Amino acid sequence: MKVALQSSPFNRVDLFEAAGFEVTEGVCRSEDDMIDLLHDADGAQVGVMPLTSRRVLEACPKLKVVSRMGVGVDSIDLDAATELGILACNVPGVNTAEVADHAAAMLLALTRRLYDTVRTTREGAWRGNGKLTVEYMRTVRRIAGHTIGVIGFGDIGRAFATRMRGFGPARIIAHDPHIPQTTADLYGVQLVSLETLLKESDYISIHTSLTAATRHLINADTLKLMKPNAMLVNTSRGPVVNGSALAAALQSGTIEAAALDVTEVEPIDSQDPLLSLPNVIVTPHLAGFSPTFLQDCPIRQAENITRALTGKAPWGLANPEVIKTIAVLRTTDSGRWHDVPDFSTALAV
């Protein structure tokens with residue numbers, strides 16, 4: 001069998017070769033490049049860009065499994081993958097700690113005005129500048145005694161809440177329609193409606209996946225529900241927040257500040273209003289990275305592919321309903337899954 005990998009210095013070609021697979025690598029800058037690389041592959045390791053679109057998937061008649069780095073799979077057309085009988089795999093949990101740490105760091109950077117004070121100190125301002133000192137004293141914030149809201153209470157949202165617990169908030173509330181209160185109880189968190197969370201939270205951190213329902217979840221209307229002194233952190237996916245609406249809200253004082261690791265368009269345009277606002281911090285979509293992640297993620301990605309093609313359950317499956325499609329294909333189509341061991345018997349769905 002053949003496996004195709006988008007080129008990366010972190011690819012574990014050795015793992016595929018040890019499992020007896022033929023490996024090909026290539027640089028992909030467009031969907032056409034993706035098709036050229038994947039067209040005769042049984043498995044593929046893909047990145048965020050270019051998109052693993054329906055067009056790409058339909059052009060790959062032998063493809064059975066694609067494995068993407070991290071937790072998100074919004075770059076893969078899940079509907080197309082499911083219809084075609086292709087597993088869309090991810091590596092859940094591989095960078096939970098990194099993203100939760102980054103979100104906590106961004107919130108602290110806002111509340112303690114770290115970016116501003118480091119910059120002004122480098123420019124020569126110190127305690128002798130009474131005006132700056134008084135401004136700092138009046139505008140820094142504490143987390144203790146305040147309400148923290150978490151949008152999305154999966155692994156990363158829970159890890160963030162656990163970190164925040166140590167800062168002594170009055171309470172932590174969360175919104176996630178897919179999580180029961182019994183699970184939230186384990187973390188001392190109260191599940192509430194999105195409207196309640198936006199109205200009552202002093203600090204809000206977003207940890208939801210990007211879906212049709214969550215695209216522009218934070219928009220002009222929902223921003224107006226927040227407190228004027230609310231601070232917003234987003235380390236999930238850029239399109240969850242309407243960037244132009246956020247910029248307008250920050251300019252008008254609808255909310256106080258925001259910290260973003262992700263933006264609607266990436267990389268963010270150098271002329272984007274968010275980059276010129278003094279109450280915004282933007283980092284370049286690096287929350288999930290660390291040497292540990294870069295070591296562990298390619299191993300799990302490779303194992304997703306090798307396990308699925310040898311009759312074992314992958315670590316992460318974003319479209320479990322594909323199992324039904326594959327079952328039908330095995331009885332009606334001798335192509336895509338012909339002579340491949342049935343992994344579904346090893347998977348609890």
# chains A, B, ... in the order shown; residues from 1 in each chain; ligands from 1
>>> residues_around(residues="range 111-123 of chain A", least_positions_apart="4", cutoff="10 Å", atoms="only C-alpha atoms", output="PyMOL selection string")
chain A and resi 105-107+127+132-133+136-137+139-143+203+231+257+278-281
>>> residues_around(residues="Val192 in chain A", least_positions_apart="4", cutoff="12 Å", atoms="only C-alpha atoms", output="count of residues only")
21
>>> closest_residue(among="A:Val241, A:Cys297, A:Ala318, A:Met49", to="Arg215 in chain A", atoms="only C-alpha atoms")
A:Val241
>>> closest_residue(among="A:Leu210, A:Ala302, A:Val134, A:Ala103", to="Ala259 in chain A", atoms="only C-alpha atoms")
A:Ala103
>>> closest_residue(among="A:Gln45, A:Thr182, A:Asn242, A:Ser252", to="Thr222 in chain A", atoms="only C-alpha atoms")
A:Asn242
>>> closest_residue(among="A:Val328, A:Val262, A:Leu232, A:Val322", to="Ala80 in chain A", atoms="only C-alpha atoms")
A:Val322
>>> select_by_dssp(residues="range 116-233 of chain A", states="strand (DSSP E or B)", output="list of chain:residue names")
A:Thr147, A:Ile148, A:Gly149, A:Val150, A:Ile151, A:Arg171, A:Ile172, A:Ile173, A:Ala174, A:His175, A:Gln190, A:Leu191, A:Tyr203, A:Ile204, A:Ser205, A:Ile206, A:Ile218, A:Met231, A:Leu232, A:Val233
>>> residues_around(residues="His146 in chain A", least_positions_apart="5", cutoff="7 Å", atoms="only C-alpha atoms", output="MDAnalysis selection string")
chainID A and resid 169:171 202
>>> write_last_selection(atoms="N, CA and C atoms", output="short mmCIF file (atom, residue, chain, number, x, y, z; two decimals), in the first residue's frame")
data_model
loop_
_atom_site.label_atom_id
_atom_site.label_comp_id
_atom_site.auth_asym_id
_atom_site.auth_seq_id
_atom_site.Cartn_x
_atom_site.Cartn_y
_atom_site.Cartn_z
N PRO A 169 -11.07 32.35 40.98
CA PRO A 169 -12.25 33.06 40.48
C PRO A 169 -13.47 32.81 41.35
N ALA A 170 -14.41 33.73 41.32
CA ALA A 170 -15.65 33.54 42.07
C ALA A 170 -16.38 32.31 41.57
N ARG A 171 -16.37 32.11 40.25
CA ARG A 171 -16.96 30.92 39.65
C ARG A 171 -16.47 30.77 38.22
N ASP A 202 -16.70 37.93 33.25
CA ASP A 202 -15.73 39.02 33.16
C ASP A 202 -14.63 38.67 32.15
#
>>> closest_residue(among="A:Leu186, A:Ala212, A:Ile148, A:Leu5", to="Val65 in chain A", atoms="only C-alpha atoms")
A:Leu5
>>> atom_distance(atom1="CA of Gly316 in chain A", atom2="CA of Pro92 in chain A")
6.2 Å
>>> residues_around(residues="Leu260 in chain A", least_positions_apart="3", cutoff="6 Å", atoms="only C-alpha atoms", output="tab-separated table (two decimals) with C-alpha atoms, in the first residue's frame")
chain	number	residue	atom	x	y	z
A	233	VAL	CA	-9.52	35.16	24.43
A	234	ASN	CA	-9.71	32.94	21.33
A	282	VAL	CA	-2.49	38.74	18.39
>>> atom_distance(atom1="CA of Ser244 in chain A", atom2="CA of Thr214 in chain A")
16.5 Å
>>> residues_around(residues="range 51-61 of chain A", least_positions_apart="3", cutoff="6 Å", atoms="only C-alpha atoms", output="number ranges by chain")
A: 35, 39, 75-77, 80
>>> write_last_selection(atoms="C-alpha atoms", output="tab-separated table (two decimals), in the first residue's frame")
chain	number	residue	atom	x	y	z
A	35	ILE	CA	-4.47	15.69	-6.11
A	39	HIS	CA	-4.34	10.47	-6.37
A	75	SER	CA	-9.77	21.71	6.69
A	76	ILE	CA	-11.19	18.31	5.67
A	77	ASP	CA	-14.58	18.08	3.95
A	80	ALA	CA	-17.43	14.23	1.34
>>> closest_atom_pairs(of="range 51-77 of chain A", to="range 85-88 of chain A", cutoff="8 Å", atoms="only C-alpha atoms", output="JSON lines")
{"residue": "A:Leu63", "atom": "CA", "partner": "A:Ile86", "partner_atom": "CA", "distance": 6.7}
{"residue": "A:Lys64", "atom": "CA", "partner": "A:Ile86", "partner_atom": "CA", "distance": 4.6}
{"residue": "A:Val65", "atom": "CA", "partner": "A:Leu87", "partner_atom": "CA", "distance": 4.5}
{"residue": "A:Val66", "atom": "CA", "partner": "A:Ala88", "partner_atom": "CA", "distance": 5.2}
{"residue": "A:Ser67", "atom": "CA", "partner": "A:Ala88", "partner_atom": "CA", "distance": 6.2}
{"residue": "A:Arg68", "atom": "CA", "partner": "A:Ala88", "partner_atom": "CA", "distance": 7.8}
{"residue": "A:Val73", "atom": "CA", "partner": "A:Ala88", "partner_atom": "CA", "distance": 7.7}
{"residue": "A:Ile76", "atom": "CA", "partner": "A:Ala88", "partner_atom": "CA", "distance": 7.4}
>>> write_last_selection(atoms="N, CA and C atoms", output="mmCIF file, in the first residue's frame")
data_model
loop_
_atom_site.group_PDB
_atom_site.id
_atom_site.type_symbol
_atom_site.label_atom_id
_atom_site.label_comp_id
_atom_site.auth_asym_id
_atom_site.auth_seq_id
_atom_site.Cartn_x
_atom_site.Cartn_y
_atom_site.Cartn_z
ATOM 1 N N LEU A 63 -8.038 6.207 -1.879
ATOM 2 C CA LEU A 63 -7.804 6.787 -0.560
ATOM 3 C C LEU A 63 -8.792 6.249 0.471
ATOM 4 N N LYS A 64 -8.275 5.810 1.593
ATOM 5 C CA LYS A 64 -9.094 5.221 2.644
ATOM 6 C C LYS A 64 -9.036 6.007 3.949
ATOM 7 N N VAL A 65 -7.934 6.690 4.195
ATOM 8 C CA VAL A 65 -7.779 7.393 5.460
ATOM 9 C C VAL A 65 -6.900 8.623 5.270
ATOM 10 N N VAL A 66 -7.339 9.751 5.863
ATOM 11 C CA VAL A 66 -6.504 10.952 5.935
ATOM 12 C C VAL A 66 -6.325 11.287 7.403
ATOM 13 N N SER A 67 -5.125 11.685 7.765
ATOM 14 C CA SER A 67 -4.806 11.983 9.161
ATOM 15 C C SER A 67 -4.243 13.388 9.247
ATOM 16 N N ARG A 68 -4.892 14.229 10.072
ATOM 17 C CA ARG A 68 -4.491 15.627 10.196
ATOM 18 C C ARG A 68 -3.895 15.899 11.556
ATOM 19 N N VAL A 73 -10.389 19.441 12.479
ATOM 20 C CA VAL A 73 -10.476 18.786 11.172
ATOM 21 C C VAL A 73 -11.286 19.648 10.209
ATOM 22 N N ILE A 76 -10.772 19.506 6.402
ATOM 23 C CA ILE A 76 -11.192 18.313 5.665
ATOM 24 C C ILE A 76 -12.709 18.388 5.448
#
>>> select_by_dssp(residues="range 63-221 of chain A", states="alpha helix (DSSP H)", output="ChimeraX atom specification")
/A:78-84,96-111,114-122,130-139,155-165,181-185,194-200,220-221
>>> write_last_selection(atoms="C-alpha atoms", output="PDB file, in the first residue's frame")
ATOM      1  CA  LEU A  78     -16.125  15.642   6.424  1.00  0.00           C
ATOM      2  CA  ASP A  79     -19.353  15.197   4.462  1.00  0.00           C
ATOM      3  CA  ALA A  80     -17.432  14.228   1.342  1.00  0.00           C
ATOM      4  CA  ALA A  81     -15.109  11.934   3.266  1.00  0.00           C
ATOM      5  CA  THR A  82     -18.063  10.150   4.845  1.00  0.00           C
ATOM      6  CA  GLU A  83     -19.926   9.760   1.556  1.00  0.00           C
ATOM      7  CA  LEU A  84     -16.822   8.342  -0.120  1.00  0.00           C
ATOM      8  CA  THR A  96      -4.261  20.041  25.080  1.00  0.00           C
ATOM      9  CA  ALA A  97      -1.704  21.303  27.588  1.00  0.00           C
ATOM     10  CA  GLU A  98      -0.093  23.710  25.129  1.00  0.00           C
ATOM     11  CA  VAL A  99      -3.336  25.380  24.065  1.00  0.00           C
ATOM     12  CA  ALA A 100      -4.662  25.636  27.618  1.00  0.00           C
ATOM     13  CA  ASP A 101      -1.353  27.152  28.753  1.00  0.00           C
ATOM     14  CA  HIS A 102      -1.409  29.655  25.901  1.00  0.00           C
ATOM     15  CA  ALA A 103      -4.985  30.716  26.625  1.00  0.00           C
ATOM     16  CA  ALA A 104      -4.119  31.222  30.286  1.00  0.00           C
ATOM     17  CA  ALA A 105      -1.021  33.204  29.331  1.00  0.00           C
ATOM     18  CA  MET A 106      -3.023  35.422  26.983  1.00  0.00           C
ATOM     19  CA  LEU A 107      -5.611  36.153  29.652  1.00  0.00           C
ATOM     20  CA  LEU A 108      -2.881  37.036  32.141  1.00  0.00           C
ATOM     21  CA  ALA A 109      -1.198  39.225  29.544  1.00  0.00           C
ATOM     22  CA  LEU A 110      -4.448  41.166  29.228  1.00  0.00           C
ATOM     23  CA  THR A 111      -5.303  41.410  32.915  1.00  0.00           C
ATOM     24  CA  LEU A 114       2.150  42.667  30.228  1.00  0.00           C
ATOM     25  CA  TYR A 115       2.558  43.637  26.587  1.00  0.00           C
ATOM     26  CA  ASP A 116       2.076  47.346  27.286  1.00  0.00           C
ATOM     27  CA  THR A 117       4.350  47.478  30.300  1.00  0.00           C
ATOM     28  CA  VAL A 118       7.175  45.518  28.679  1.00  0.00           C
ATOM     29  CA  ARG A 119       7.003  47.812  25.639  1.00  0.00           C
ATOM     30  CA  THR A 120       6.949  51.053  27.617  1.00  0.00           C
ATOM     31  CA  THR A 121       9.786  49.871  29.887  1.00  0.00           C
ATOM     32  CA  ARG A 122      11.909  49.123  26.828  1.00  0.00           C
ATOM     33  CA  GLY A 130       3.978  58.991  37.397  1.00  0.00           C
ATOM     34  CA  LYS A 131       1.315  59.207  34.718  1.00  0.00           C
ATOM     35  CA  LEU A 132       2.108  55.747  33.367  1.00  0.00           C
ATOM     36  CA  THR A 133       2.334  54.283  36.854  1.00  0.00           C
ATOM     37  CA  VAL A 134      -1.072  55.630  37.872  1.00  0.00           C
ATOM     38  CA  GLU A 135      -2.612  54.414  34.615  1.00  0.00           C
ATOM     39  CA  TYR A 136      -1.215  50.947  35.235  1.00  0.00           C
ATOM     40  CA  MET A 137      -2.483  50.881  38.822  1.00  0.00           C
ATOM     41  CA  ARG A 138      -5.969  51.797  37.661  1.00  0.00           C
ATOM     42  CA  THR A 139      -6.243  49.428  34.704  1.00  0.00           C
ATOM     43  CA  ASP A 155     -10.486  18.500  26.668  1.00  0.00           C
ATOM     44  CA  ILE A 156      -8.909  21.927  26.145  1.00  0.00           C
ATOM     45  CA  GLY A 157     -11.764  23.851  27.749  1.00  0.00           C
ATOM     46  CA  ARG A 158     -11.522  21.591  30.792  1.00  0.00           C
ATOM     47  CA  ALA A 159      -7.744  21.985  30.965  1.00  0.00           C
ATOM     48  CA  PHE A 160      -8.126  25.763  30.803  1.00  0.00           C
ATOM     49  CA  ALA A 161     -10.734  25.732  33.567  1.00  0.00           C
ATOM     50  CA  THR A 162      -8.446  23.596  35.728  1.00  0.00           C
ATOM     51  CA  ARG A 163      -5.642  26.132  35.313  1.00  0.00           C
ATOM     52  CA  MET A 164      -7.938  29.046  36.088  1.00  0.00           C
ATOM     53  CA  ARG A 165      -9.211  27.402  39.264  1.00  0.00           C
ATOM     54  CA  GLN A 181     -23.722  18.908  33.785  1.00  0.00           C
ATOM     55  CA  THR A 182     -22.511  15.731  35.487  1.00  0.00           C
ATOM     56  CA  THR A 183     -19.255  16.050  33.524  1.00  0.00           C
ATOM     57  CA  ALA A 184     -18.914  19.752  34.299  1.00  0.00           C
ATOM     58  CA  ASP A 185     -19.484  18.986  37.991  1.00  0.00           C
ATOM     59  CA  LEU A 194     -24.454  31.137  25.693  1.00  0.00           C
ATOM     60  CA  GLU A 195     -26.453  34.273  26.455  1.00  0.00           C
ATOM     61  CA  THR A 196     -25.982  33.832  30.201  1.00  0.00           C
ATOM     62  CA  LEU A 197     -22.261  33.199  29.799  1.00  0.00           C
ATOM     63  CA  LEU A 198     -21.769  36.322  27.679  1.00  0.00           C
ATOM     64  CA  LYS A 199     -23.757  38.518  30.047  1.00  0.00           C
ATOM     65  CA  GLU A 200     -22.205  37.313  33.297  1.00  0.00           C
ATOM     66  CA  ALA A 220     -21.908  42.143  16.576  1.00  0.00           C
ATOM     67  CA  ASP A 221     -25.027  40.977  18.419  1.00  0.00           C
TER      68      ASP A 221
END
>>> residues_around(residues="Pro273 in chain A", least_positions_apart="6", cutoff="10 Å", atoms="only C-alpha atoms", output="PyMOL selection string")
chain A and resi 243-244+246-248+251+280
